file model.txt (compact mmCIF, C-alpha atoms and all ligand atoms)
# COMPACT_ATOMS: atom_id res chain seq x y z
CA MET W 1 184.54 -174.49 85.74
CA GLN W 2 181.94 -172.10 87.22
CA LEU W 3 184.21 -169.11 86.49
CA GLY W 4 184.65 -170.33 82.91
CA ASN W 5 180.86 -170.51 82.52
CA GLU W 6 180.44 -166.97 83.86
CA ARG W 7 183.10 -165.66 81.46
CA GLU W 8 181.32 -167.39 78.58
CA GLU W 9 178.01 -165.85 79.69
CA ILE W 10 179.51 -162.35 79.88
CA LYS W 11 181.01 -162.86 76.41
CA ALA W 12 177.64 -164.02 75.03
CA LEU W 13 175.83 -161.08 76.67
CA SER W 14 178.29 -158.55 75.29
CA ALA W 15 178.03 -160.10 71.81
CA SER W 16 174.26 -159.96 72.09
CA ILE W 17 174.32 -156.25 73.10
CA LYS W 18 176.66 -155.46 70.18
CA ARG W 19 174.35 -157.29 67.75
CA TYR W 20 171.34 -155.48 69.16
CA LEU W 21 172.97 -152.06 68.81
CA LYS W 22 174.06 -152.87 65.26
CA PHE W 23 170.52 -153.95 64.42
CA ARG W 24 169.05 -150.75 65.94
CA THR W 25 171.58 -148.58 64.12
CA ARG W 26 170.98 -150.34 60.79
CA SER W 27 167.23 -150.03 61.11
CA GLY W 28 167.52 -146.35 62.04
CA MET W 29 165.98 -146.81 65.47
CA LEU W 30 168.91 -145.95 67.67
CA PHE W 31 168.50 -142.56 69.41
CA LEU W 32 165.30 -141.87 67.47
CA SER W 33 163.26 -140.56 70.35
CA GLY W 34 166.33 -138.92 71.90
CA LYS W 35 166.73 -136.90 68.69
CA LYS W 36 163.08 -135.89 68.82
CA GLU W 37 163.65 -134.77 72.37
CA VAL W 38 166.56 -132.53 71.34
CA GLU W 39 164.47 -131.03 68.56
CA GLY W 40 161.62 -130.38 70.97
CA GLU W 41 159.14 -132.58 69.10
CA SER W 42 158.04 -134.60 72.06
CA GLY W 43 156.05 -132.11 74.11
CA SER W 44 157.11 -132.02 77.73
CA GLY W 45 159.72 -134.69 76.93
CA ASP W 46 161.03 -137.70 78.74
CA PRO W 47 163.21 -136.67 81.69
CA ARG W 48 165.25 -139.86 81.27
CA GLY W 49 166.66 -138.44 77.99
CA LEU W 50 169.04 -140.54 75.90
CA ALA W 51 170.37 -142.62 78.74
CA GLY W 52 166.87 -143.55 79.78
CA GLU W 53 165.97 -144.43 76.21
CA MET W 54 169.01 -146.64 75.86
CA ASP W 55 168.57 -148.38 79.20
CA GLY W 56 164.93 -149.02 78.54
CA ASP W 57 165.44 -150.27 74.99
CA LEU W 58 168.40 -152.45 75.71
CA PHE W 59 167.15 -154.22 78.75
CA SER W 60 163.36 -154.00 78.79
CA ASP W 61 162.94 -157.28 76.90
CA HIS W 62 165.27 -159.12 79.14
CA SER W 63 164.03 -157.65 82.39
CA GLU W 64 160.50 -158.82 81.56
CA ILE W 65 161.90 -162.27 80.82
CA HIS W 66 163.88 -162.33 84.06
CA GLN W 67 160.99 -161.06 86.12
CA ALA W 68 158.50 -163.70 84.93
CA LYS W 69 157.22 -165.59 87.96
CA ASN W 70 155.81 -168.58 86.09
CA LEU W 71 155.79 -170.13 82.62
CA GLU W 72 152.65 -168.24 81.58
CA GLU W 73 154.26 -164.91 82.42
CA LEU W 74 157.41 -165.97 80.58
CA ARG W 75 155.40 -166.93 77.49
CA ALA W 76 153.61 -163.57 77.65
CA ALA W 77 156.94 -161.73 77.98
CA ILE W 78 158.31 -163.46 74.88
CA GLY W 79 155.19 -162.32 73.01
CA ASP W 80 155.13 -162.24 69.21
CA CYS W 81 158.91 -162.54 69.22
CA GLN W 82 160.88 -160.80 66.47
CA ARG W 83 164.25 -160.81 68.22
CA CYS W 84 166.03 -162.83 65.51
CA LYS W 85 165.71 -163.53 61.80
CA LEU W 86 163.63 -166.72 62.19
CA TRP W 87 160.28 -165.13 63.00
CA PRO W 88 159.05 -164.40 59.44
CA GLY W 89 159.22 -168.12 58.57
CA ARG W 90 157.34 -169.52 61.54
CA THR W 91 153.75 -170.64 61.87
CA HIS W 92 153.96 -170.97 65.65
CA LEU W 93 156.55 -170.11 68.24
CA VAL W 94 157.17 -173.45 69.96
CA PHE W 95 157.57 -172.53 73.62
CA GLY W 96 157.51 -175.87 75.43
CA VAL W 97 155.07 -178.34 76.91
CA GLY W 98 154.55 -180.42 80.03
CA ASN W 99 154.51 -180.31 83.78
CA PRO W 100 155.71 -176.95 85.14
CA HIS W 101 157.00 -178.83 88.21
CA ALA W 102 158.58 -181.70 86.25
CA LYS W 103 161.46 -183.58 87.84
CA VAL W 104 162.92 -184.25 84.42
CA MET W 105 163.22 -181.83 81.53
CA PHE W 106 164.18 -182.78 77.97
CA VAL W 107 165.88 -180.12 75.86
CA GLY W 108 166.07 -180.54 72.09
CA GLU W 109 167.40 -178.40 69.28
CA ALA W 110 164.66 -176.57 67.37
CA PRO W 111 161.16 -177.19 66.03
CA GLY W 112 160.82 -179.00 62.71
CA ARG W 113 157.90 -178.77 60.30
CA ASP W 114 155.41 -180.75 62.42
CA GLU W 115 156.29 -178.81 65.56
CA ASP W 116 156.02 -175.48 63.74
CA LEU W 117 152.57 -176.38 62.46
CA LYS W 118 151.31 -177.65 65.81
CA GLY W 119 153.13 -175.27 68.14
CA GLU W 120 154.36 -178.17 70.29
CA PRO W 121 157.88 -179.62 70.56
CA PHE W 122 158.70 -183.17 69.47
CA VAL W 123 155.46 -184.18 67.76
CA GLY W 124 156.95 -185.49 64.46
CA ARG W 125 158.83 -188.76 63.88
CA ALA W 126 161.69 -187.87 66.22
CA GLY W 127 159.04 -186.78 68.70
CA GLN W 128 157.33 -190.16 68.54
CA LEU W 129 160.64 -191.78 69.41
CA LEU W 130 161.12 -189.38 72.33
CA THR W 131 157.58 -190.15 73.50
CA ASP W 132 158.45 -193.88 73.40
CA ILE W 133 161.57 -193.23 75.49
CA ILE W 134 159.45 -191.35 78.05
CA THR W 135 156.49 -193.74 78.14
CA LYS W 136 157.86 -197.20 77.30
CA GLY W 137 161.41 -196.64 78.54
CA MET W 138 160.83 -194.53 81.65
CA GLY W 139 157.26 -195.49 82.53
CA LEU W 140 156.20 -191.83 82.59
CA ARG W 141 153.65 -189.84 80.59
CA ARG W 142 154.59 -186.92 78.35
CA GLU W 143 152.54 -184.74 80.73
CA ASP W 144 154.82 -185.74 83.63
CA VAL W 145 157.97 -184.29 82.08
CA TYR W 146 158.75 -180.93 80.48
CA ILE W 147 159.93 -180.72 76.87
CA ALA W 148 161.51 -177.64 75.28
CA ASN W 149 164.03 -176.67 72.64
CA VAL W 150 167.00 -174.33 72.58
CA ILE W 151 165.44 -172.51 69.62
CA LYS W 152 161.74 -171.67 69.69
CA CYS W 153 161.18 -171.03 65.96
CA ARG W 154 161.78 -173.39 63.06
CA PRO W 155 164.96 -172.72 61.07
CA PRO W 156 164.30 -172.77 57.29
CA GLU W 157 164.51 -176.27 55.77
CA ASN W 158 165.41 -177.52 59.28
CA ARG W 159 168.94 -176.20 58.90
CA ASN W 160 171.16 -176.02 61.98
CA PRO W 161 170.49 -173.08 64.29
CA GLU W 162 172.97 -170.22 63.83
CA PRO W 163 174.88 -168.65 66.76
CA ASP W 164 172.89 -165.38 66.72
CA GLU W 165 169.62 -167.36 66.81
CA VAL W 166 170.84 -169.44 69.75
CA ALA W 167 171.96 -166.25 71.54
CA SER W 168 168.55 -164.60 71.04
CA CYS W 169 166.59 -167.60 72.28
CA GLU W 170 168.85 -168.75 75.09
CA PRO W 171 167.46 -166.46 77.81
CA PHE W 172 164.04 -168.10 77.32
CA LEU W 173 165.37 -171.61 77.86
CA LYS W 174 167.41 -170.51 80.86
CA LYS W 175 164.36 -168.92 82.41
CA GLN W 176 162.25 -172.02 81.69
CA ILE W 177 164.81 -174.14 83.53
CA ASP W 178 164.98 -171.63 86.37
CA LEU W 179 161.19 -171.70 86.80
CA ILE W 180 160.77 -175.47 86.46
CA LYS W 181 163.83 -176.35 88.54
CA PRO W 182 163.96 -179.95 87.33
CA ARG W 183 166.00 -182.51 89.19
CA VAL W 184 167.52 -183.71 85.91
CA ILE W 185 167.96 -182.19 82.45
CA VAL W 186 168.34 -184.56 79.52
CA ALA W 187 170.13 -182.65 76.76
CA LEU W 188 169.22 -184.19 73.41
CA GLY W 189 172.04 -183.91 70.90
CA LYS W 190 174.86 -181.56 70.04
CA PHE W 191 173.01 -178.22 70.04
CA ALA W 192 171.35 -178.66 73.41
CA VAL W 193 174.66 -179.74 74.94
CA GLU W 194 176.56 -176.86 73.34
CA ALA W 195 174.00 -174.31 74.50
CA LEU W 196 173.68 -175.60 78.05
CA LEU W 197 177.24 -176.70 78.80
CA ARG W 198 179.05 -174.26 76.52
CA SER W 199 181.06 -177.24 75.38
CA LYS W 200 182.20 -178.11 71.90
CA VAL W 201 183.25 -181.61 72.97
CA ALA W 202 181.55 -184.22 70.77
CA ILE W 203 178.23 -185.52 72.07
CA THR W 204 179.53 -189.06 71.55
CA ARG W 205 182.17 -188.33 74.21
CA LEU W 206 179.93 -186.41 76.61
CA ARG W 207 176.89 -188.70 76.57
CA GLY W 208 176.33 -191.12 79.37
CA THR W 209 178.19 -189.05 81.98
CA TRP W 210 176.75 -186.57 84.45
CA HIS W 211 177.38 -182.86 84.03
CA ASP W 212 176.39 -179.82 86.05
CA TYR W 213 174.10 -177.07 84.86
CA HIS W 214 173.98 -174.44 87.63
CA GLY W 215 173.48 -177.11 90.29
CA ILE W 216 171.15 -179.29 88.19
CA ARG W 217 172.33 -182.70 87.02
CA LEU W 218 172.52 -182.82 83.26
CA MET W 219 172.72 -185.98 81.16
CA PRO W 220 173.72 -185.51 77.52
CA THR W 221 172.40 -188.16 75.16
CA LEU W 222 171.92 -188.72 71.44
CA HIS W 223 169.17 -186.85 69.63
CA PRO W 224 166.09 -188.92 68.63
CA ALA W 225 166.44 -187.74 65.00
CA TYR W 226 169.97 -189.23 64.99
CA LEU W 227 168.51 -192.47 66.35
CA LEU W 228 166.03 -192.61 63.47
CA ARG W 229 169.05 -192.66 61.13
CA ASN W 230 171.17 -194.90 63.39
CA PRO W 231 168.77 -197.23 65.19
CA GLY W 232 171.69 -199.42 66.28
CA ASP W 233 172.65 -196.66 68.78
CA LYS W 234 169.32 -196.83 70.64
CA LYS W 235 171.00 -199.05 73.21
CA LEU W 236 173.37 -196.18 74.10
CA VAL W 237 170.44 -193.89 74.82
CA TRP W 238 168.84 -196.61 76.91
CA GLU W 239 172.05 -196.81 78.99
CA ASP W 240 171.86 -193.02 79.55
CA ILE W 241 168.16 -193.11 80.40
CA LYS W 242 168.74 -195.87 82.96
CA LYS W 243 171.17 -193.51 84.74
CA VAL W 244 168.50 -190.80 84.70
CA LEU W 245 165.96 -193.21 86.20
CA GLU W 246 168.43 -194.19 88.94
CA GLU W 247 168.99 -190.51 89.77
CA LEU W 248 165.25 -189.81 89.88
CA ARG W 249 164.73 -192.83 92.16
CA SER W 250 167.52 -191.81 94.50
CA ALA W 251 166.12 -188.27 94.62
CA SER W 252 162.71 -189.49 95.72
CA ASN W 253 164.11 -191.70 98.54
N1 LIG L 301 163.86 -181.97 66.95
C1 LIG L 301 164.08 -181.13 67.97
O1 LIG L 301 165.22 -180.94 68.38
N2 LIG L 301 163.03 -180.54 68.53
C2 LIG L 301 161.79 -180.75 68.15
O2 LIG L 301 160.88 -180.16 68.73
C3 LIG L 301 161.57 -181.62 67.07
C4 LIG L 301 162.63 -182.23 66.47
call {"tool": "encode", "arguments": {"input": "model.txt", "output": "structure tokens"}}
result
Amino acid sequence: MQLGNEREEIKALSASIKRYLKFRTRSGMLFLSGKKEVEGESGSGDPRGLAGEMDGDLFSDHSEIHQAKNLEELRAAIGDCQRCKLWPGRTHLVFGVGNPHAKVMFVGEAPGRDEDLKGEPFVGRAGQLLTDIITKGMGLRREDVYIANVIKCRPPENRNPEPDEVASCEPFLKKQIDLIKPRVIVALGKFAVEALLRSKVAITRLRGTWHDYHGIRLMPTLHPAYLLRNPGDKKLVWEDIKKVLEELRSASN
């Protein structure tokens, strides 16, 4: 299982490097300063040469992300992100909100219109339902938990996130989880489950059972937006949330 996850991660990383190189080549940026160096246009020159240029360009983004020591540093490292094609359409990058030491973290799909305008996840109609689950169902406050999405920028017309967008944004979510170290992750809907568990198994089959995300217990459940369309399934989510509450109680004993 663990080995399978690592293989998937290596595959995703290699796909991401290929995409990045293609993007740099298409936009004419690849080897640009290396060429200058050869033509003697850059004064004393950079002793790292081409290899240095490539190393720096390929991994500088990610090393800053990996090196962030807290959520503020991570947010700063993400900056005015233009790593995928969603950035021109956003009002705000929706990073995440809540307690940086939360015991429970909710992971959704992507910001919608309300979230894009406010810069905060789950503040629209689906967000109100999630807030009810947290407050009325779990007896917690929104400030007690942490809420984030797989994708940090709104896809146009709220379409489904595309694989390259998920791949660009994934390191941010992983680092958020790594910094927060929640006891439990609640993965809301198909996209969160696919991104975190690398599983294409239907959410209806996965929900309600515990899974492992790098040593953290993960409970897949139905997305609040789905519940708005299918209110009869709210009882299923309540069953899942009761399991989360039991786990949190047993962890604090
Ligand atoms: N749906 C999501 O998945 N995330 C949000 O932030 C809002 C709606």
call {"tool": "residues_near_point", "arguments": {"input": "model.txt", "point": "(159.3, -187.3, 67.3)", "cutoff": "10 Å", "atoms": "all atoms listed in the file", "output": "VMD selection string"}}
result
chain W and resid 112 114 to 115 121 to 132 224 to 225 228
call {"tool": "closest_residue", "arguments": {"input": "model.txt", "among": "W:Pro182, W:Gly189, W:Gly232, W:Gly215", "to": "ligand LIG 301 (chain L)", "atoms": "all atoms listed in the file"}}
result
W:Gly189
call {"tool": "closest_residue", "arguments": {"input": "model.txt", "among": "W:Lys103, W:Arg90, W:Arg207, W:Lys181", "to": "Asn70 (chain W)", "atoms": "all atoms listed in the file"}}
result
W:Lys181
call {"tool": "residues_around", "arguments": {"input": "model.txt", "residues": "Pro156 (chain W)", "least_positions_apart": "5", "cutoff": "12 Å", "atoms": "all atoms listed in the file", "output": "JSON, numbers by chain"}}
result
{"W": [85, 86, 87, 88, 89, 90, 91, 110, 111, 112, 113, 116, 161, 162]}
call {"tool": "closest_residue", "arguments": {"input": "model.txt", "among": "W:Ile180, W:Ala202, W:Ile185, W:Val97", "to": "Ile216 (chain W)", "atoms": "only C-alpha atoms"}}
result
W:Ile185
call {"tool": "closest_residue", "arguments": {"input": "model.txt", "among": "W:Leu197, W:Ile147, W:Leu71, W:Val237", "to": "Gln176 (chain W)", "atoms": "all atoms listed in the file"}}
result
W:Leu71
call {"tool": "closest_residue", "arguments": {"input": "model.txt", "among": "W:Arg159, W:Lys242, W:Lys69, W:Arg217", "to": "Pro100 (chain W)", "atoms": "only C-alpha atoms"}}
result
W:Lys69
call {"tool": "closest_residue", "arguments": {"input": "model.txt", "among": "W:Leu236, W:Val107, W:Ala251, W:Ile203", "to": "ligand LIG 301 (chain L)", "atoms": "only C-alpha atoms and all ligand atoms"}}
result
W:Val107
call {"tool": "residues_near_point", "arguments": {"input": "model.txt", "point": "(174.4, -196.2, 82.3)", "cutoff": "12 Å", "atoms": "all atoms listed in the file", "output": "PyMOL selection string"}}
result
chain W and resi 207-210+219-221+235-247
call {"tool": "write_last_selection", "arguments": {"input": "model.txt", "atoms": "C-alpha atoms", "output": "mmCIF file, in the coordinates of the input"}}
result
data_model
loop_
_atom_site.group_PDB
_atom_site.id
_atom_site.type_symbol
_atom_site.label_atom_id
_atom_site.label_comp_id
_atom_site.auth_asym_id
_atom_site.auth_seq_id
_atom_site.Cartn_x
_atom_site.Cartn_y
_atom_site.Cartn_z
ATOM 1 C CA ARG W 207 176.890 -188.700 76.570
ATOM 2 C CA GLY W 208 176.330 -191.120 79.370
ATOM 3 C CA THR W 209 178.190 -189.050 81.980
ATOM 4 C CA TRP W 210 176.750 -186.570 84.450
ATOM 5 C CA MET W 219 172.720 -185.980 81.160
ATOM 6 C CA PRO W 220 173.720 -185.510 77.520
ATOM 7 C CA THR W 221 172.400 -188.160 75.160
ATOM 8 C CA LYS W 235 171.000 -199.050 73.210
ATOM 9 C CA LEU W 236 173.370 -196.180 74.100
ATOM 10 C CA VAL W 237 170.440 -193.890 74.820
ATOM 11 C CA TRP W 238 168.840 -196.610 76.910
ATOM 12 C CA GLU W 239 172.050 -196.810 78.990
ATOM 13 C CA ASP W 240 171.860 -193.020 79.550
ATOM 14 C CA ILE W 241 168.160 -193.110 80.400
ATOM 15 C CA LYS W 242 168.740 -195.870 82.960
ATOM 16 C CA LYS W 243 171.170 -193.510 84.740
ATOM 17 C CA VAL W 244 168.500 -190.800 84.700
ATOM 18 C CA LEU W 245 165.960 -193.210 86.200
ATOM 19 C CA GLU W 246 168.430 -194.190 88.940
ATOM 20 C CA GLU W 247 168.990 -190.510 89.770
#
call {"tool": "atom_distance", "arguments": {"input": "model.txt", "atom1": "CA of Asp212 (chain W)", "atom2": "CA of Val193 (chain W)"}}
result
11.2 Å
call {"tool": "atom_distance", "arguments": {"input": "model.txt", "atom1": "CA of Leu218 (chain W)", "atom2": "CA of Ser252 (chain W)"}}
result
17.2 Å
call {"tool": "build_atoms", "arguments": {"input": "model.txt", "residues": "region 238-249 of chain W", "atoms": "N, CA and C atoms", "output": "PDB file, keeping the file's coordinate frame"}}
result
ATOM      1  N   TRP W 238     169.461-195.854  75.819  1.00  0.00           N
ATOM      2  CA  TRP W 238     168.840-196.610  76.910  1.00  0.00           C
ATOM      3  C   TRP W 238     169.773-196.660  78.127  1.00  0.00           C
ATOM      4  N   GLU W 239     171.079-196.828  77.864  1.00  0.00           N
ATOM      5  CA  GLU W 239     172.050-196.810  78.990  1.00  0.00           C
ATOM      6  C   GLU W 239     171.978-195.463  79.718  1.00  0.00           C
ATOM      7  N   ASP W 240     171.895-194.370  78.951  1.00  0.00           N
ATOM      8  CA  ASP W 240     171.860-193.020  79.550  1.00  0.00           C
ATOM      9  C   ASP W 240     170.564-192.828  80.343  1.00  0.00           C
ATOM     10  N   ILE W 241     169.468-193.300  79.755  1.00  0.00           N
ATOM     11  CA  ILE W 241     168.160-193.110  80.400  1.00  0.00           C
ATOM     12  C   ILE W 241     168.084-193.921  81.703  1.00  0.00           C
ATOM     13  N   LYS W 242     168.744-195.079  81.715  1.00  0.00           N
ATOM     14  CA  LYS W 242     168.740-195.870  82.960  1.00  0.00           C
ATOM     15  C   LYS W 242     169.432-195.079  84.084  1.00  0.00           C
ATOM     16  N   LYS W 243     170.477-194.341  83.732  1.00  0.00           N
ATOM     17  CA  LYS W 243     171.170-193.510  84.740  1.00  0.00           C
ATOM     18  C   LYS W 243     170.233-192.399  85.235  1.00  0.00           C
ATOM     19  N   VAL W 244     169.456-191.853  84.315  1.00  0.00           N
ATOM     20  CA  VAL W 244     168.500-190.800  84.700  1.00  0.00           C
ATOM     21  C   VAL W 244     167.461-191.382  85.653  1.00  0.00           C
ATOM     22  N   LEU W 245     166.980-192.576  85.338  1.00  0.00           N
ATOM     23  CA  LEU W 245     165.960-193.210  86.200  1.00  0.00           C
ATOM     24  C   LEU W 245     166.532-193.470  87.598  1.00  0.00           C
ATOM     25  N   GLU W 246     167.793-193.942  87.635  1.00  0.00           N
ATOM     26  CA  GLU W 246     168.430-194.190  88.940  1.00  0.00           C
ATOM     27  C   GLU W 246     168.481-192.889  89.756  1.00  0.00           C
ATOM     28  N   GLU W 247     168.880-191.813  89.093  1.00  0.00           N
ATOM     29  CA  GLU W 247     168.990-190.510  89.770  1.00  0.00           C
ATOM     30  C   GLU W 247     167.630-190.045  90.292  1.00  0.00           C
ATOM     31  N   LEU W 248     166.588-190.231  89.459  1.00  0.00           N
ATOM     32  CA  LEU W 248     165.250-189.810  89.880  1.00  0.00           C
ATOM     33  C   LEU W 248     164.789-190.639  91.071  1.00  0.00           C
ATOM     34  N   ARG W 249     165.120-191.951  91.038  1.00  0.00           N
ATOM     35  CA  ARG W 249     164.730-192.830  92.160  1.00  0.00           C
ATOM     36  C   ARG W 249     165.453-192.422  93.435  1.00  0.00           C
TER      37      ARG W 249
END
